[in-house]
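J.: Sending over model11.pdb (PDB, C-alpha atoms and all ligand atoms).
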MODEL        1
ATOM      1  CA  MET A   9       0.000   0.000   0.000
ATOM      2  CA  LYS A  10       1.103   3.568  -0.619
ATOM      3  CA  ALA A  11       2.564   5.492   2.295
ATOM      4  CA  SER A  12      -0.319   8.022   2.354
ATOM      5  CA  THR A  13      -2.894   5.203   2.584
ATOM      6  CA  CYS A  14      -0.957   3.607   5.388
ATOM      7  CA  ILE A  15      -0.914   6.828   7.404
ATOM      8  CA  LEU A  16      -4.667   7.266   6.900
ATOM      9  CA  PHE A  17      -5.241   3.705   8.113
ATOM     10  CA  LEU A  18      -3.190   4.337  11.240
ATOM     11  CA  LEU A  19      -5.083   7.560  11.998
ATOM     12  CA  LEU A  20      -8.476   5.860  11.643
ATOM     13  CA  THR A  21      -7.377   3.016  13.871
ATOM     14  CA  ALA A  22      -6.180   5.408  16.551
ATOM     15  CA  CYS A  23      -9.364   7.459  16.395
ATOM     16  CA  THR A  24     -11.901   4.643  16.677
ATOM     17  CA  ASN A  25     -10.866   3.317  20.061
ATOM     18  CA  GLY A  26     -14.384   2.918  21.369
ATOM     19  CA  GLY A  27     -15.388   6.373  20.206
ATOM     20  CA  VAL A  28     -15.172   7.848  23.694
ATOM     21  CA  LEU A  29     -12.500  10.355  24.608
ATOM     22  CA  THR A  30     -11.320   9.992  28.157
ATOM     23  CA  PRO A  31      -8.833  12.175  29.991
ATOM     24  CA  PRO A  32      -5.349  10.817  30.732
ATOM     25  CA  GLY A  33      -5.597   8.168  33.408
ATOM     26  CA  GLY A  34      -9.082   7.133  32.335
ATOM     27  CA  GLY A  35     -10.872   9.172  35.016
ATOM     28  CA  THR A  36     -13.914  11.347  34.460
ATOM     29  CA  SER A  37     -13.281  15.068  34.418
ATOM     30  CA  ALA A  38     -15.640  17.093  36.569
ATOM     31  CA  GLN A  39     -15.888  20.768  37.304
ATOM     32  CA  ALA A  40     -14.794  21.361  40.885
ATOM     33  CA  ILE A  41     -16.754  23.610  43.238
ATOM     34  CA  ASP A  42     -14.624  24.835  46.127
ATOM     35  CA  VAL A  43     -16.035  24.311  49.633
ATOM     36  CA  ASN A  44     -14.505  26.737  52.113
ATOM     37  CA  LEU A  45     -16.447  28.773  54.663
ATOM     38  CA  THR A  46     -13.234  30.363  55.935
ATOM     39  CA  LEU A  47     -12.125  31.832  52.610
ATOM     40  CA  ASN A  48     -15.182  32.175  50.322
ATOM     41  CA  PRO A  49     -17.052  35.391  51.202
ATOM     42  CA  SER A  50     -20.797  36.060  51.045
ATOM     43  CA  SER A  51     -22.250  37.512  47.855
ATOM     44  CA  GLN A  52     -25.652  38.253  46.394
ATOM     45  CA  THR A  53     -27.203  35.867  43.860
ATOM     46  CA  SER A  54     -30.645  35.640  42.263
ATOM     47  CA  ALA A  55     -31.550  33.087  44.961
ATOM     48  CA  GLY A  56     -30.447  35.292  47.868
ATOM     49  CA  THR A  57     -27.253  35.581  49.888
ATOM     50  CA  SER A  58     -24.642  32.945  49.067
ATOM     51  CA  GLY A  59     -21.436  32.109  50.883
ATOM     52  CA  GLY A  60     -18.908  29.392  51.643
ATOM     53  CA  TYR A  61     -18.660  27.982  48.120
ATOM     54  CA  ALA A  62     -16.815  29.246  45.055
ATOM     55  CA  PRO A  63     -18.079  30.101  42.593
ATOM     56  CA  ALA A  64     -21.274  31.401  44.222
ATOM     57  CA  VAL A  65     -23.030  30.578  40.946
ATOM     58  CA  THR A  66     -21.534  27.736  38.917
ATOM     59  CA  ASN A  67     -22.584  27.567  35.261
ATOM     60  CA  VAL A  68     -22.401  24.095  33.737
ATOM     61  CA  SER A  69     -23.527  22.305  30.590
ATOM     62  CA  VAL A  70     -25.931  19.356  30.591
ATOM     63  CA  GLY A  71     -23.922  16.163  30.122
ATOM     64  CA  THR A  72     -20.949  17.310  32.197
ATOM     65  CA  MET A  73     -20.107  16.505  35.806
ATOM     66  CA  VAL A  74     -19.534  18.520  38.965
ATOM     67  CA  ARG A  75     -17.876  17.617  42.229
ATOM     68  CA  PHE A  76     -17.172  19.379  45.515
ATOM     69  CA  VAL A  77     -13.730  19.743  47.065
ATOM     70  CA  ASN A  78     -13.407  20.798  50.714
ATOM     71  CA  SER A  79     -10.343  23.052  50.917
ATOM     72  CA  ASP A  80     -11.303  24.192  54.418
ATOM     73  CA  GLY A  81      -9.824  22.991  57.715
ATOM     74  CA  PHE A  82     -13.068  21.467  58.989
ATOM     75  CA  ALA A  83     -16.050  19.459  57.752
ATOM     76  CA  HIS A  84     -18.878  20.585  55.471
ATOM     77  CA  THR A  85     -21.575  19.136  53.235
ATOM     78  CA  ALA A  86     -23.015  20.283  49.933
ATOM     79  CA  THR A  87     -26.653  19.208  49.994
ATOM     80  CA  ALA A  88     -29.447  19.818  47.479
ATOM     81  CA  ILE A  89     -32.275  22.158  48.484
ATOM     82  CA  SER A  90     -35.109  20.625  46.495
ATOM     83  CA  ALA A  91     -37.964  22.573  44.899
ATOM     84  CA  ALA A  92     -36.747  26.042  45.885
ATOM     85  CA  THR A  93     -35.886  29.081  43.765
ATOM     86  CA  THR A  94     -34.729  31.187  46.697
ATOM     87  CA  PHE A  95     -32.824  30.113  49.803
ATOM     88  CA  PRO A  96     -35.236  29.224  52.648
ATOM     89  CA  ALA A  97     -34.847  31.400  55.742
ATOM     90  CA  GLY A  98     -34.134  28.436  58.012
ATOM     91  CA  SER A  99     -32.146  25.284  57.380
ATOM     92  CA  PRO A 100     -34.015  22.960  54.990
ATOM     93  CA  PHE A 101     -31.856  19.953  55.867
ATOM     94  CA  SER A 102     -32.352  16.826  57.951
ATOM     95  CA  ALA A 103     -29.660  14.644  59.500
ATOM     96  CA  SER A 104     -29.657  12.469  56.372
ATOM     97  CA  ALA A 105     -27.583  15.223  54.694
ATOM     98  CA  GLN A 106     -24.571  13.830  56.592
ATOM     99  CA  ALA A 107     -24.643  10.642  54.486
ATOM    100  CA  GLN A 108     -23.557  10.689  50.848
ATOM    101  CA  SER A 109     -26.429  10.180  48.417
ATOM    102  CA  GLY A 110     -27.271  10.778  44.765
ATOM    103  CA  HIS A 111     -25.416  10.929  41.462
ATOM    104  CA  SER A 112     -27.709  13.182  39.407
ATOM    105  CA  LEU A 113     -28.019  16.920  39.891
ATOM    106  CA  SER A 114     -31.789  17.019  39.269
ATOM    107  CA  GLN A 115     -32.551  14.550  42.052
ATOM    108  CA  ASN A 116     -31.982  14.712  45.797
ATOM    109  CA  TRP A 117     -28.298  14.490  46.588
ATOM    110  CA  SER A 118     -25.791  15.207  49.289
ATOM    111  CA  THR A 119     -22.029  14.920  49.447
ATOM    112  CA  GLY A 120     -22.403  13.688  52.996
ATOM    113  CA  THR A 121     -19.952  15.016  55.558
ATOM    114  CA  LEU A 122     -16.785  16.017  53.688
ATOM    115  CA  ALA A 123     -13.769  16.059  55.984
ATOM    116  CA  ALA A 124     -11.054  18.701  55.488
ATOM    117  CA  GLY A 125      -9.402  18.058  52.137
ATOM    118  CA  ALA A 126     -11.992  15.520  50.934
ATOM    119  CA  SER A 127     -13.660  15.384  47.508
ATOM    120  CA  SER A 128     -17.267  14.377  46.875
ATOM    121  CA  GLN A 129     -18.796  11.911  44.474
ATOM    122  CA  THR A 130     -19.329  13.270  40.962
ATOM    123  CA  LEU A 131     -22.815  14.455  40.061
ATOM    124  CA  LEU A 132     -24.057  14.192  36.496
ATOM    125  CA  VAL A 133     -25.573  17.413  35.186
ATOM    126  CA  ASP A 134     -28.599  15.567  33.798
ATOM    127  CA  LYS A 135     -31.144  18.324  33.246
ATOM    128  CA  ALA A 136     -31.168  22.074  32.594
ATOM    129  CA  GLY A 137     -32.307  24.175  35.526
ATOM    130  CA  THR A 138     -31.293  26.166  38.596
ATOM    131  CA  TYR A 139     -30.191  24.088  41.580
ATOM    132  CA  LEU A 140     -29.706  25.450  45.091
ATOM    133  CA  PHE A 141     -27.603  23.705  47.701
ATOM    134  CA  GLY A 142     -26.079  24.373  51.095
ATOM    135  CA  CYS A 143     -24.133  23.018  54.035
ATOM    136  CA  PHE A 144     -25.883  20.969  56.715
ATOM    137  CA  PHE A 145     -23.614  22.378  59.441
ATOM    138  CA  HIS A 146     -23.407  26.042  58.448
ATOM    139  CA  TYR A 147     -26.516  26.839  56.418
ATOM    140  CA  GLY A 148     -27.159  29.988  58.445
ATOM    141  CA  ALA A 149     -23.575  31.268  58.180
ATOM    142  CA  PRO A 150     -24.696  31.631  55.329
ATOM    143  CA  MET A 151     -23.214  28.628  53.540
ATOM    144  CA  ARG A 152     -25.187  28.068  50.338
ATOM    145  CA  ALA A 153     -24.807  28.513  46.592
ATOM    146  CA  VAL A 154     -26.267  27.882  43.159
ATOM    147  CA  ILE A 155     -25.599  25.690  40.119
ATOM    148  CA  VAL A 156     -27.160  26.777  36.824
ATOM    149  CA  ALA A 157     -27.263  24.008  34.208
ATOM    150  CA  HIS A 158     -27.698  25.019  30.578
TER     151      HIS A 158
HETATM  152 CU    CU B 201     -20.191  23.990  56.292
ENDMDL
END
Would you put the structure from the file into structure tokens?
T.:
Amino acid sequence: MKASTCILFLLLTACTNGGVLTPPGGGTSAQAIDVNLTLNPSSQTSAGTSGGYAPAVTNVSVGTMVRFVNSDGFAHTATAISAATTFPAGSPFSASAQAQSGHSLSQNWSTGTLAAGASSQTLLVDKAGTYLFGCFFHYGAPMRAVIVAH
């Protein structure tokens, strides 16, 4: 076969490895949301006063993933506030927020208690919408933020 045909064959072979591109190491890339009540200041969002997470409003695309990384020196959660468009005045959480649950952003989920330095499970951004969440321990601090999925 001619050299140009051979090169084309090699390129096609290399590009049809299952059809799925994965990052080096085979892991799933996810957008990280920083969890840190000590360093992330309060700010105003469309849902009310946010704080403790950065960004205060995370914009993501449907089909991608998010995860939470606790860069603080003590424990937090990131827990979904279901069926709300503004932050409730009082804590909306029950003790179940301390256990990890959920893998889809549009359903009930919680990172569970994230120790200092810990990362959460990944959450699939499965549906467009505005999602509020907060910390079980420090909701009133305030420690709460927003994910907007497009
Ligand atoms: Cu907290």
J.: Assuming the chain letters and numbering stay as they are in my file, what does the PyMOL selection byres (((chain A and resi 108) around 10) and not hetatm) actually select? List them as a ChimeraX atom specification.
T.: /A:85-87,104-107,109-111,117-122,128-129
J.: Spell out the residues picked by the PyMOL selection byres (((not hetatm)) within 12 of (chain B and resi 201)) here, as a compact mmCIF listing (two decimals) with C-alpha atoms, keeping the file's coordinate frame.
T.:
# COMPACT_ATOMS: atom_id res chain seq x y z
CA ASP A 42 -14.62 24.84 46.13
CA VAL A 43 -16.04 24.31 49.63
CA ASN A 44 -14.50 26.74 52.11
CA LEU A 45 -16.45 28.77 54.66
CA THR A 46 -13.23 30.36 55.94
CA LEU A 47 -12.12 31.83 52.61
CA ASN A 48 -15.18 32.17 50.32
CA GLY A 59 -21.44 32.11 50.88
CA GLY A 60 -18.91 29.39 51.64
CA TYR A 61 -18.66 27.98 48.12
CA ASN A 78 -13.41 20.80 50.71
CA SER A 79 -10.34 23.05 50.92
CA ASP A 80 -11.30 24.19 54.42
CA GLY A 81 -9.82 22.99 57.72
CA PHE A 82 -13.07 21.47 58.99
CA ALA A 83 -16.05 19.46 57.75
CA HIS A 84 -18.88 20.58 55.47
CA THR A 85 -21.58 19.14 53.24
CA ALA A 86 -23.02 20.28 49.93
CA THR A 87 -26.65 19.21 49.99
CA ALA A 105 -27.58 15.22 54.69
CA GLN A 106 -24.57 13.83 56.59
CA THR A 119 -22.03 14.92 49.45
CA GLY A 120 -22.40 13.69 53.00
CA THR A 121 -19.95 15.02 55.56
CA LEU A 122 -16.78 16.02 53.69
CA ALA A 123 -13.77 16.06 55.98
CA ALA A 124 -11.05 18.70 55.49
CA PHE A 141 -27.60 23.70 47.70
CA GLY A 142 -26.08 24.37 51.10
CA CYS A 143 -24.13 23.02 54.04
CA PHE A 144 -25.88 20.97 56.72
CA PHE A 145 -23.61 22.38 59.44
CA HIS A 146 -23.41 26.04 58.45
CA TYR A 147 -26.52 26.84 56.42
CA GLY A 148 -27.16 29.99 58.44
CA ALA A 149 -23.58 31.27 58.18
CA PRO A 150 -24.70 31.63 55.33
CA MET A 151 -23.21 28.63 53.54
CA ARG A 152 -25.19 28.07 50.34
CA ALA A 153 -24.81 28.51 46.59
J.: At a cut-off of 6 Å, using only C-alpha atoms, what residues contact A:Ala40? Leave out same-chain residues fewer than 5 positions from it and give the result as a list in words.
T.: Val74, Arg75 and Phe76 of chain A
J.: Residues as selected, C-alpha atoms, written as an mmCIF file, in the frame of the given file, can you do that?
T.:
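Saved result, part24.cif, follows:
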data_model
loop_
_atom_site.group_PDB
_atom_site.id
_atom_site.type_symbol
_atom_site.label_atom_id
_atom_site.label_comp_id
_atom_site.auth_asym_id
_atom_site.auth_seq_id
_atom_site.Cartn_x
_atom_site.Cartn_y
_atom_site.Cartn_z
ATOM 1 C CA VAL A 74 -19.534 18.520 38.965
ATOM 2 C CA ARG A 75 -17.876 17.617 42.229
ATOM 3 C CA PHE A 76 -17.172 19.379 45.515
#
J.: Looking at only C-alpha atoms, which of A:Ser127, A:Ser90, A:Ser58, A:Ser51 is the one that sits closest to A:Gln115?
T.: A:Ser90
J.: Could you tell me how far atom CA of A:Ala55 lies from atom CA of A:Val156, in Å and to one decimal?
T.: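 Separation between atom CA of A:Ala55 and atom CA of A:Val156: 11.2 Å.
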J.: Quote the spacing between atom CA of A:Ser50 and atom CA of A:Thr66 in Å to one decimal place.
T.: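 Spanning atom CA of A:Ser50 to atom CA of A:Thr66 is a straight-line distance of 14.7 Å.
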J.: Distance atom CA of A:Ser102-atom CA of A:Gly125, one decimal place?
T.: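 Distance reported for this atom pair: 23.7 Å.
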J.: Got a sec: who's within 9 Å of A:Ala136, counting only C-alpha atoms, leaving out chain neighbours fewer than 2 positions off, as a VMD selection string?
T.: chain A and resid 69 to 70 114 133 to 134 138 156 to 158
J.: Do you know which residues the PyMOL selection byres (((chain A and resi 97) around 10) and not hetatm) returns on this file, as a tab-separated table (two decimals) with C-alpha atoms, in the frame of the given file?
T.:
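Output saved as result.tsv:
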chain	number	residue	atom	x	y	z
A	56	GLY	CA	-30.45	35.29	47.87
A	94	THR	CA	-34.73	31.19	46.70
A	95	PHE	CA	-32.82	30.11	49.80
A	96	PRO	CA	-35.24	29.22	52.65
A	98	GLY	CA	-34.13	28.44	58.01
A	99	SER	CA	-32.15	25.28	57.38
A	100	PRO	CA	-34.02	22.96	54.99
A	147	TYR	CA	-26.52	26.84	56.42
A	148	GLY	CA	-27.16	29.99	58.44
J.: For A:Ile155, work out the shell of residues within 9 Å, counting all atoms listed in the file and skipping chain neighbours fewer than 3 positions away, then give it as a ChimeraX atom specification.
T.: /A:64-68,137-141
J.: May I have the residues within 7 Å of A:Leu132 as a list in words, using only C-alpha atoms and disregarding those fewer than 6 positions away in the same chain?
T.: Gly71, Thr72, Met73, Val74, His111, Ser112 and Leu113 of chain A
